[in-house]
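Since the structure comes first, as structure tokens, the remarks are kept for the end.
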Amino acid sequence: MLKTVPTSLYYTLIVSLGGFIFGFDASVISGAIGFIDVEFALTDWQQGFVVSSPTLGALFAMLFAGAISDAIGRRKALIIVAMLYFISAICSALAPNYALLVLARFIGGIAFCSLIIAPVYISEISSAKHRGKMVSVNQLNIVLGFALSYFSNYYFLQLSNSDISWVKELGIDTHTWRYMLGLETIPAVLWFTLLFFVPKSPRWLLLKEKTEEAKQTIFALFDAEEAKSQLNDIQSSLSEKTWSLKERLGFLNAKTMRYPLFVGITLAIAQQITGINVIFFYAPTIFEQSGVGTDAAFMQAVWIGMVNVAFTIVAMLTIDKWGRKPLLIVGLCGVAISMTVCAYGFKQATYEIESGDIAEIQIVAPQLAEKLLALEGKVYYSDVEFKQSLQRTLTTAQYDNHQQLILNSSISMNAPLVLFGIIAFVASFAVSLGPVMWAMLAEIFPNQTRAIAISLVGVINSLTSFLVQLVFPWELMNFGAAATFFIYGIFALVSLALVVRFFPETKGRTLEQITENFQSR
């Protein structure tokens with residue numbers, strides 16, 4: 001047994017590096033989008049599309065990811081994914097306009113299908129006892145990617161504001177966002193190289209009737225006794241026949257698949273509709289809405305990354321002890337409460353431009369200060385009303401370039417309360433929906449249909465994520481921050497009710513035992 005965990009963990013760490021790149025790719029835009037908005041003069045919808053375009057790419061990729069990984073193997077599919085990440089990072093950093101930036105990020109989104117291929121591979125090389133932890137390693141790498149992107153964004157922001165000679169020579173001060181996005185090329189190349197050293201999935205090998213190679217892999221991963229048990233279980237589950245793609249697709253409609261699909265689809269929607277990617281991908285923007293300033297907003301995003309990592313580790317340590325369902329219940333309760341706190345914090349905010357504020361703005365932007373005299377002394381109790389008033393008073397360029405400066409000067413609110421709410425939200429998500437969803441998706445479907453079923457669920461997950469990200473800038477402008485966060489809290493309560501009422505527990509069971517249990521319902 002001492003041999004089993006290190007061997008499978010070694011390959012798990014390599015494969016889950018894709019999760020790290022996904023996390024970095026997905027959240028690095030949170031720091032870059034402000035610079036991109038100014039450079040390309042984006043509308044609210046264009047801003048939302050720059051952020052969400054990778055998820056749209058993932059939506060299309062996940063339609064085919066399961067079938068492709070079944071056809072060519074999990075490892076080969078991941079190698080292709082690594083190459084796509086590299087191409088996307090290079091093209092994003094060099095994009096000369098809005099359209100090509102969206103296209104480059106769309107290509108990177110195609111690589112997001114690693115989110116479903118990697119957990120499948122990891123679950124297929126792990127023992128039942130350690131499978132939850134092993135699959136959660138992928139989620140840990142995702143949140144490490146989130147955290148590093150926030151650190152790197154903050155670092156590049158500080159560099160861009162410095163007077164260091166090499167910063168100006170390299171153009172970091174004028175092309176800050178390009179360096180933020182281009183940094184991803186380094187882990188992408190590393191992952192591409194390391195993937196050639198991992199074995200093929202033993203379950204996939206047996207699906208393809210490559211019995212000898214499968215035996216070699218299984219006996220390399222497990223001690224002799226467990227290897228024989230694993231081999232017997234897999235062969236027993238595949239003993240009837242090897243299904244064609246058409247048969248696997250047809251089986252998705254079978255009565256025995258309804259319950260696992262219901263669980264999977266519920267998880268997929270709940271993970272995204274509660275707003276997690278809005279927090280991750282727009283973190284500095286959200287914090288700037290509370291008036292803390294750009295530097296402080298980027299630093300608070302770093303705190304989000306650190307909390308995310310810490311509580312993902314908590315989930316890894318408890319997922320095989322406490323089980324999947326208890327973590328989901330605790331986490332969703334936390335999400336509902338924390339989103340309510342954020343909604344309350346923004347609801348209490350007031351906005352007023354005073355004479356002293358205009359005097360300070362006069363130093364930075366004299367023409368802006370003159371126009372703001374028309375709003376002096378007026379108190380606004382809604383961020384929507386205040387922003388709409390600014391848009392009527394200022395030109396589009398003035399509003400885009402100086403919105404944060406005006407917010408900092410005029411807002412009065414309990415910013416620490418909002419920071420607490422968002423950090424509590426991230427902690428609640430990290431201990432539940434984040435790792436538990438991927439662990440359960442890798443467990444609840446039969447061997448023959450696992451990859452295709454997870455693809456279907458992945459498509460729904462990506463579609464939900466895309467829509468939530470796309471509408472957020474418009475939502476923020478038209479509904480306001482308070483209403484937006486309150487909506488996420490309502491969705492968390494609905495998800496909690498479904499989990500409590502319908503979800504099973506899968507900890508400590510083999511994949512074959514879980515399948516048998518689901519089919520008996």
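The way I read the labels, and the way they are meant: chains A, B, ... in the order of the structure tokens, residue 1 as the first residue of every chain, and ligand 1 as the first ligand shown, with later ones counted on from there.
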Do you have, as a Markdown table, the list of residues of stretch 256-375 of chain A lying at most 7 Å from stretch 131-136 of chain A, each with its nearest atom pair and that distance in Å to one decimal, counting only C-alpha atoms and ordered by chain then number?
| residue | atom | partner | partner_atom | distance |
| --- | --- | --- | --- | --- |
| A:Met316 | CA | A:Lys133 | CA | 5.2 |
| A:Ile319 | CA | A:Gly132 | CA | 6.1 |
| A:Asp320 | CA | A:Gly132 | CA | 5.8 |
Discussion item. What's around A:Ile276 at 8 Å? Count only C-alpha atoms, leave out sequence neighbours fewer than 5 positions away in its own chain, and write the answer as a PyMOL selection string.
Written reply: chain A and resi 271+426+429
Practice prompt. Would you kindly return, as a ChimeraX atom specification, each protein, DNA or RNA residue with an atom no farther than 7 Å from any atom of stretch 8-21 of chain A, considering only C-alpha atoms and excluding same-chain residues fewer than 6 positions away?
Written response: /A:114-115,118,122,125-126,134,137-139,141-142,144-145,187-188,191,194-195,198,221
Export of the given selection (C-alpha atoms) as a CSV table (one decimal), in the first residue's frame:
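Output (again.csv):
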chain,number,residue,atom,x,y,z
A,114,SER,CA,-9.4,19.1,-19.6
A,115,LEU,CA,-11.7,19.7,-16.6
A,118,ALA,CA,-8.4,14.9,-16.2
A,122,ILE,CA,-7.4,10.3,-12.2
A,125,ILE,CA,-6.0,5.2,-11.8
A,126,SER,CA,-7.0,5.6,-8.2
A,134,MET,CA,-6.9,12.1,-5.8
A,137,VAL,CA,-5.8,17.2,-6.3
A,138,ASN,CA,-7.0,18.5,-9.7
A,139,GLN,CA,-9.3,21.0,-7.9
A,141,ASN,CA,-4.3,22.8,-8.8
A,142,ILE,CA,-7.2,24.8,-10.2
A,144,LEU,CA,-3.5,27.3,-7.1
A,145,GLY,CA,-3.8,28.6,-10.6
A,187,PRO,CA,3.2,26.1,-17.5
A,188,ALA,CA,1.5,25.1,-20.8
A,191,TRP,CA,2.5,20.3,-18.9
A,194,LEU,CA,5.3,15.9,-18.8
A,195,LEU,CA,2.2,14.3,-20.2
A,198,VAL,CA,2.1,9.3,-17.8
A,221,LEU,CA,-0.2,1.4,-9.8
Worksheet item: Can you list, as a list in words, every protein, DNA or RNA residue that comes within 9 Å of A:Val471 when you count only C-alpha atoms, leaving out same-chain residues fewer than 6 positions away?
Response: Asp44, Trp45, Gly48 and Phe49 of chain A
Requested write-out: N, CA, C and O atoms of the selected residues, as a short mmCIF file (atom, residue, chain, number, x, y, z; two decimals), in the first residue's frame:
data_model
loop_
_atom_site.label_atom_id
_atom_site.label_comp_id
_atom_site.auth_asym_id
_atom_site.auth_seq_id
_atom_site.Cartn_x
_atom_site.Cartn_y
_atom_site.Cartn_z
N ASP A 44 -20.32 47.17 -22.31
CA ASP A 44 -20.56 46.21 -21.22
C ASP A 44 -20.65 44.79 -21.78
O ASP A 44 -20.11 43.85 -21.19
N TRP A 45 -21.35 44.63 -22.90
CA TRP A 45 -21.50 43.29 -23.48
C TRP A 45 -20.18 42.78 -24.05
O TRP A 45 -19.88 41.59 -23.93
N GLY A 48 -18.10 41.64 -21.17
CA GLY A 48 -18.57 40.33 -20.73
C GLY A 48 -18.15 39.22 -21.67
O GLY A 48 -17.83 38.11 -21.23
N PHE A 49 -18.10 39.51 -22.96
CA PHE A 49 -17.75 38.48 -23.94
C PHE A 49 -16.25 38.17 -23.91
O PHE A 49 -15.86 37.01 -24.10
#
Using only C-alpha atoms, which residues of stretch 406-502 of chain A come within 8 Å of stretch 321-326 of chain A, and what is the closest atom pair for each, with the distance in Å to one decimal? Give it as a tab-separated table, sorted by chain and residue number.
residue	atom	partner	partner_atom	distance
A:Ser432	CA	A:Arg324	CA	7.9
A:Val436	CA	A:Arg324	CA	6.0
A:Met440	CA	A:Arg324	CA	7.6
A:Val499	CA	A:Lys325	CA	7.3
A:Val500	CA	A:Lys325	CA	7.9
